[in-house]
Amino acid sequence: MAIHLFGAAVLLALARRLGVRVFLTAAVVPAIVLVWAISQTGAVLDGDPLVETIRWAPGLGLDIRLRLDGFALLFVLLVAGVGVLVFTYSRWYLGDDPRNGRLAATLLTFAGSMLGLVLADNLLALFVFWELTTVTSFLLIGTDDTKPSARSAALQALLTTGVGGLAMLAGFVLLGQQAGTFTLSEILASPPSGTVTDIALVLVLAGALTKSAQAPFHSWLPRAMAAPTPVSAYLHSATMVKAGIYVIARFAPVFAETMPWRPIVLTAGLASMLIGGYRALRQHDLKLLLAFGTVSQLGLLVVLLGLGTAQATFAGCALLLAHAAFKAALFLVVGVIDHQTKTRDIRVLSGLATELPALAVIAAISAASMAGIPPLLGFIAKELALEGVTATEVPLRVLIGGSVVIGGMLTFAYSARFQLGAFGRGRPARRETGQVIERPPVAFLAPAAALTAVTVVGGFFPGALDWLVRAGAASLDDRVGDAHLALWHGVNLALVLSAVTLAGGLTLVVTRRHLERLQFSLPSAPGADRAYDALVGGLLQGAAAVTGFVQSGSLPVYLTVILLTVVAVPGAALALGTSWPSSLTFAHTPLQIVIGVVSVVAAVAACRQTRRFSAVLLLGVVGYAMAGLFVLHGAPDLALTQLVVETLLIVLFMLVLSRLPGEFPTRSRQSRVVAAWVAMAVAAFVFAFSLAATAARREDPVSNAYLERAYPEAGGRNVVNVVLVDFRGLDTLGEIAVLAVAAVGAIMLGRGRRREDLDRP
Amino acid sequence: MKPSLILDRCVRAEFHTLLLISVFLLLAGHNQPGGGFVGGLVAGAALALRLLVGGVGEVHQAIRLHPLPIVGGGLLLSGATALAPLVAGGQLLESAKATLSLPLLGTVPVSSTLAFDVGVYLVVVGLVLLLLRSLGGDVGGDDAEGDEG
């Protein structure tokens with residue numbers, strides 16, 4: 001299995017040389033996966049999932065455990081099957097472009113990540129693949145990186161799904177902690193429960209709903225239509241947006257009864273279904289129409305697979321398949337229209353049926369399937385959906401059923417809008433007169449035709465796909481029993497509701513002129529995309545304000561803040577409770593008093609200087625006085641170091657000062673008073689801290705052990721040095737590494753100055 | 001402003017002595033006051049004196065190598081010394097001891113930590129050299145300005 005992921009990486013390097021053939025070459029990889037997956041079906045259908053474990057980070061309990069069960073198989077076939085078609089299609093749609101290599105490689109990487117996502121049996125591995133699909137989606141949406149709209153759309157998709165993904169990671173971690181394992185199948189076999197689990201589920205749902213473009217996070221999906229059409233068909237209708245649904249479907253049968261699950265899933269799903277359907281009716285761009293249609297259909301999928309009942313799950317699996325077939329086909333049709341006529345606007349397009357008859361037939365069948373017209377796969381799925389929703393014991397099922405019916409009507413209406421808008425003769429054509437529309441090559445149409453064939457075959461011979469849907473549903477929920485796909489279920493509630501849906505949809509179509517006028521006369525509702533814009537804009541403004549406030553660029557202010565923090569935080573600890581030394585010796589030798597007086601005088605004098613140079617020299621005096629104290633205390637090493645450091649410091653100070661004016665700038669009285677108070681506070685704190693430190697020792701000093709061990713173990717008589725190079729050698733290593741970094745910094749300083757010199761006239 | 005002749009002569013006389021002292025401090029460090037850090041600083045101070053007397057040109061003359069390789073080499077040496085015991089099957093930073101008989105100096109006990117200390121020495125010298133070079137662009141020498149010296 002991992003070989004297929006690996007294959008994606010290999011193509012990345014190879015792709016650049018292949019030119020036009022790059023997509024056809026790329027199509028080989030999903031074709032291999034497809035063949036392989038079909039060869040595995042036998043074992044999987046027998047209820048014997050294929051499991052493979054790759055050791056990744058065993059120390060952390062992280063293994064990439066891949067598991068192919070029925071539901072994963074459904075997804076693998078979908079990803080690989082649509083993948084082959086999309087790659088073939090891309091060769092005709094995108095033609096010859098130097099950037100195609102990159103596009104194909106990214107698309108293939110995405111396909112590999114998506115496979116990993118549905119096969120992963122470890123929550124953390126699943127998350128990694130999840131994020132990989134987010135990143136590749138970002139790259140694919142932003143394929144046309146010269147267009148600002150494409151870039152901002154890519155960013156929006158990344159931010160929305162990325163934030164959701166982080167929430168999901170948090171949810172996974174909580175869930176894994178609760179269950180004691182990160183293995184998906186084990187968690188589902190013995191699910192944890194409790195408040196923490198509930199919170200974890202809410203977080204996981206946040207990730208799943210953002211990924212599947214559910215309200216109120218749906219606005220990234222229509223904007224993502226900036227991507228090339230094959231990408232939209234593949235990622236944003238057939239596969240990636242279903243990743244969220246995949247996670248929901250995995251968890252629903254087990255966790256649907258927990259408190260937060262159904263309210264969230266049903267609200268988001270139903271809202272998306274209705275909002276998506278309604279807004280699809282307002283679109284003039286065929287691609288945007290389909291995008292909002294996708295939001296709507298994904299909403300229905302979320303409802304079905306989120307309900308967690310056996311029947312709804314079964315219907316969800318069927319719809320998953322049906323939706324992938326008709327929606328991808330329709331996207332590919334739009335791509336052909338766009339490619340041949342250079343427009344996707346239904347106000348401009350009209351009557352394409354005469355010029356592109358084959359395309360019109362393909363589109364009609366797929367749109368009919370989307371609308372739920374018998375005898376197509378879409379109809380079977382829709383009817384199962386109605387049955388699944390109405391047959392459940394879930395509270396408010398009337399409301400849910402009603403919403404699904406209304407959603408179905410809207411779907412019917414926008415399917416008709418799509419078909420009539422592109423191919424019908426409803427409006428006078430506003431195309432440039434005389435534009436000749438070339439017939440597309442057969443191979444260009446073939447992928448869409450193949451998907452349409454699935455729709456038709458699935459409708460007339462449900463048995464052909466029955467096994468797959470059953471295997472998928474059964475691996476999610478073993479209560480599925482002997483449900484079957486069938487065209488005719490007998491006269492029951494679902495059939496009546498289907499009829500009602502179709503009738504309602506027809507009414508909407510007939511009255512579409514008035515409806516449209518009504519829709520456009522209404523003020524457009526505050527869209528989620530505007531909320532997103534406001535959020536991001538506000539965030540950037542806030543960040544700029546915070547940066548402007550915190551990074552004022554004034555060194556005295558920075559210093560004041562740092563010093564006050566030093567006084568406040570450890571100072572508070574001092575004030576709250578310390579043992580103070582019981583007795584103090586004023587001085588051990590008279591020399592200490594002399595040195596003390598010298599350094600105090602030098603320090604006070606340094607403060608009173610107006611010339612920078614004298615101040616530095618006086619500070620140096622304080623430093624030398626410190627070295628003197630070290631000598632008196634019997635620390636020659638320390639004294640030596642202090643002496644040399646002080647000397648070097650003065651020299652370096654002088655070098656810097658030679659560039660500055662000789663005098664300190666005059667500062668206002670107020671700022672000098674503040675500075676004086678801060679200085680005194682720091683001094684008082686340091687004094688108190690030193691006193692407390694002398695009394696704080698409770699254990700034997702560690703230096704005793706060092707003194708004992710220095711010679712026998714490290715062969716050195718100078719304990720300080722032995723500590724530096726041996727006992728605490730690692731610290732020293734770190735310190736010299738810091739020095740090396742500082743050296744690089746010094747170089748940069750020097751360079752910056754030199755460049756300024758050059759700029760100066 | 002020309003630096004005084006006396007200072008100039010003294011620094012030239014002292015420079016090599018100071019470098020010797022710094023090496024002495026480095027080698028003596030294991031048993032007496034000293035070590036790589038102090039040794040490096042003393043060498044740095046010697047270089048600083050050269051800078052004050054003759055400007056950056058003098059520093060360049062004293063050490064022609066670019067300072068960054070010196071810093072990197074020192075870091076590499078120390079790191080390698082720290083890691084070497086791992087290769088030999090020991091613990092990180094474990095030291096080995098040996099006694100060498102050298103001409104002039106007699107018997108000298110040597111520890112592998114000396115190599116570590118040499119690394120520290122090189123890093124410090126390199127850093128000081130770098131600072132002097134990048135900050136001291138227009139100090140000393142003929143085109144000196146400001147009020148130093």
# chains A, B, ... in the order shown; residues from 1 in each chain; ligands from 1

call {"tool": "closest_atom_pairs", "arguments": {"of": "range 337-377 of chain A", "to": "range 440-448 of chain A", "cutoff": "10 Å", "atoms": "only C-alpha atoms", "output": "tab-separated table"}}
result
residue	atom	partner	partner_atom	distance
A:Ile337	CA	A:Pro440	CA	9.3
A:His339	CA	A:Pro440	CA	8.9
A:Gln340	CA	A:Pro440	CA	7.2
A:Leu356	CA	A:Pro440	CA	8.3
A:Ala358	CA	A:Leu445	CA	8.3
A:Leu359	CA	A:Leu445	CA	7.2
A:Ile362	CA	A:Ala448	CA	7.1
A:Ala363	CA	A:Ala448	CA	8.6
A:Ser366	CA	A:Ala448	CA	9.2

call {"tool": "write_last_selection", "arguments": {"atoms": "C-alpha atoms", "output": "compact mmCIF listing (two decimals), in the first residue's frame"}}
result
# COMPACT_ATOMS: atom_id res chain seq x y z
CA ILE A 337 -17.83 23.94 -22.03
CA HIS A 339 -12.55 25.00 -22.80
CA GLN A 340 -14.58 25.12 -26.02
CA LEU A 356 -22.34 19.79 -28.54
CA ALA A 358 -22.92 14.35 -26.97
CA LEU A 359 -21.97 16.64 -24.14
CA ILE A 362 -23.93 13.32 -20.73
CA ALA A 363 -24.85 16.43 -18.80
CA SER A 366 -25.84 13.39 -14.72

call {"tool": "select_by_dssp", "arguments": {"residues": "range 280-502 of chain A", "states": "helix (DSSP H, G or I)", "output": "PyMOL selection string"}}
result
chain A and resi 280+286-307+310-341+352-355+357-371+377-390+397-423+442-460+463-476+478-480+493-502

call {"tool": "closest_atom_pairs", "arguments": {"of": "range 4-79 of chain B", "to": "range 115-138 of chain B", "cutoff": "10 Å", "atoms": "only C-alpha atoms", "output": "Markdown table"}}
result
| residue | atom | partner | partner_atom | distance |
| --- | --- | --- | --- | --- |
| B:Ser22 | CA | B:Tyr121 | CA | 9.2 |
| B:Val23 | CA | B:Tyr121 | CA | 9.0 |
| B:Leu26 | CA | B:Val118 | CA | 7.2 |
| B:Leu27 | CA | B:Val118 | CA | 8.6 |
| B:Gly29 | CA | B:Asp117 | CA | 8.7 |
| B:His30 | CA | B:Asp117 | CA | 9.3 |
| B:Gly35 | CA | B:Asp117 | CA | 6.7 |
| B:Gly36 | CA | B:Tyr121 | CA | 4.3 |
| B:Phe37 | CA | B:Tyr121 | CA | 5.6 |
| B:Val38 | CA | B:Tyr121 | CA | 7.9 |
| B:Gly39 | CA | B:Tyr121 | CA | 6.4 |
| B:Gly40 | CA | B:Tyr121 | CA | 4.6 |
| B:Leu41 | CA | B:Val124 | CA | 6.5 |
| B:Val42 | CA | B:Val125 | CA | 8.6 |
| B:Ala43 | CA | B:Val125 | CA | 6.5 |
| B:Gly44 | CA | B:Val125 | CA | 5.5 |
| B:Ala45 | CA | B:Val128 | CA | 8.3 |
| B:Leu47 | CA | B:Leu129 | CA | 7.3 |
| B:Ala48 | CA | B:Leu132 | CA | 7.0 |
| B:Leu51 | CA | B:Leu132 | CA | 7.6 |
| B:Leu52 | CA | B:Gly136 | CA | 9.0 |
| B:Gly55 | CA | B:Gly136 | CA | 7.3 |
| B:Val56 | CA | B:Gly137 | CA | 6.2 |
| B:Gly57 | CA | B:Gly137 | CA | 9.1 |
| B:Val59 | CA | B:Arg133 | CA | 7.6 |
| B:His60 | CA | B:Arg133 | CA | 8.2 |
| B:Ile63 | CA | B:Leu129 | CA | 8.7 |
| B:Leu65 | CA | B:Gly126 | CA | 9.6 |
| B:His66 | CA | B:Leu130 | CA | 8.3 |
| B:Pro67 | CA | B:Gly126 | CA | 4.8 |
| B:Leu68 | CA | B:Gly126 | CA | 6.6 |
| B:Pro69 | CA | B:Gly126 | CA | 8.0 |
| B:Ile70 | CA | B:Gly126 | CA | 5.3 |
| B:Val71 | CA | B:Val123 | CA | 4.2 |
| B:Gly72 | CA | B:Val123 | CA | 7.2 |
| B:Gly73 | CA | B:Gly119 | CA | 7.4 |
| B:Gly74 | CA | B:Gly119 | CA | 3.9 |
| B:Leu75 | CA | B:Gly119 | CA | 5.9 |
| B:Leu76 | CA | B:Gly119 | CA | 7.4 |
| B:Leu77 | CA | B:Gly119 | CA | 5.2 |
| B:Ser78 | CA | B:Phe116 | CA | 4.4 |
| B:Gly79 | CA | B:Phe116 | CA | 7.7 |

call {"tool": "write_last_selection", "arguments": {"atoms": "C-alpha atoms", "output": "JSON list (two decimals), in the first residue's frame"}}
result
[["chain", "number", "residue", "atom", "x", "y", "z"],
["B", 22, "SER", "CA", 46.70, 32.96, 26.34],
["B", 23, "VAL", "CA", 47.94, 29.60, 25.09],
["B", 26, "LEU", "CA", 44.49, 27.36, 27.81],
["B", 27, "LEU", "CA", 46.89, 24.51, 28.51],
["B", 29, "GLY", "CA", 43.54, 25.44, 32.69],
["B", 30, "HIS", "CA", 42.95, 21.91, 33.79],
["B", 35, "GLY", "CA", 41.06, 27.44, 30.53],
["B", 36, "GLY", "CA", 39.86, 27.88, 27.01],
["B", 37, "PHE", "CA", 37.43, 30.66, 27.76],
["B", 38, "VAL", "CA", 39.86, 32.92, 29.61],
["B", 39, "GLY", "CA", 42.64, 32.06, 27.20],
["B", 40, "GLY", "CA", 40.51, 33.04, 24.27],
["B", 41, "LEU", "CA", 39.56, 36.28, 25.94],
["B", 42, "VAL", "CA", 43.19, 37.17, 26.59],
["B", 43, "ALA", "CA", 44.02, 36.53, 22.96],
["B", 44, "GLY", "CA", 41.04, 38.69, 22.08],
["B", 45, "ALA", "CA", 42.30, 41.46, 24.32],
["B", 47, "LEU", "CA", 43.93, 41.72, 19.26],
["B", 48, "ALA", "CA", 41.92, 44.63, 20.66],
["B", 51, "LEU", "CA", 43.17, 47.43, 16.79],
["B", 52, "LEU", "CA", 43.55, 50.50, 19.00],
["B", 55, "GLY", "CA", 43.19, 50.07, 13.15],
["B", 56, "VAL", "CA", 41.50, 47.19, 11.42],
["B", 57, "GLY", "CA", 44.40, 46.80, 9.04],
["B", 59, "VAL", "CA", 44.05, 43.09, 13.02],
["B", 60, "HIS", "CA", 43.89, 41.74, 9.51],
["B", 63, "ILE", "CA", 45.33, 37.02, 11.81],
["B", 65, "LEU", "CA", 42.09, 33.93, 8.43],
["B", 66, "HIS", "CA", 38.47, 34.91, 8.19],
["B", 67, "PRO", "CA", 37.04, 34.71, 11.71],
["B", 68, "LEU", "CA", 33.94, 32.70, 10.80],
["B", 69, "PRO", "CA", 35.88, 29.51, 9.91],
["B", 70, "ILE", "CA", 37.71, 29.90, 13.23],
["B", 71, "VAL", "CA", 34.39, 29.99, 15.11],
["B", 72, "GLY", "CA", 33.01, 27.11, 13.09],
["B", 73, "GLY", "CA", 36.17, 25.06, 13.46],
["B", 74, "GLY", "CA", 36.15, 25.55, 17.21],
["B", 75, "LEU", "CA", 32.54, 24.54, 17.47],
["B", 76, "LEU", "CA", 33.24, 21.51, 15.31],
["B", 77, "LEU", "CA", 36.22, 20.47, 17.41],
["B", 78, "SER", "CA", 34.32, 20.76, 20.68],
["B", 79, "GLY", "CA", 31.30, 18.99, 19.26]]

call {"tool": "residues_around", "arguments": {"residues": "range 497-505 of chain A", "least_positions_apart": "5", "cutoff": "7 Å", "atoms": "only C-alpha atoms", "output": "ChimeraX atom specification"}}
result
/A:383,405,408-410,412-413

call {"tool": "residues_around", "arguments": {"residues": "Arg470 in chain A", "least_positions_apart": "3", "cutoff": "10 Å", "atoms": "only C-alpha atoms", "output": "list in words"}}
result
Leu45, Gly70, Phe71, Leu74, Thr313, Phe314, Ala315, Cys317, Ala318, Leu465, Asp466, Trp467, Ala473, Ala474, Ser475, Leu476, Val480, Gly481, Asp482, Ala483, His484 and Leu485 of chain A

call {"tool": "closest_residue", "arguments": {"among": "A:Val682, A:Leu640, A:Val631, A:Ala692", "to": "chain B", "atoms": "only C-alpha atoms"}}
result
A:Leu640

call {"tool": "atom_distance", "arguments": {"atom1": "CA of Val600 in chain A", "atom2": "CA of Glu646 in chain A"}}
result
17.1 Å

call {"tool": "residues_around", "arguments": {"residues": "Ala353 in chain A", "least_positions_apart": "3", "cutoff": "10 Å", "atoms": "only C-alpha atoms", "output": "PyMOL selection string"}}
result
chain A and resi 350+356-361+419-420+422-425

call {"tool": "atom_distance", "arguments": {"atom1": "CA of Leu50 in chain A", "atom2": "CA of Val128 in chain A"}}
result
20.9 Å
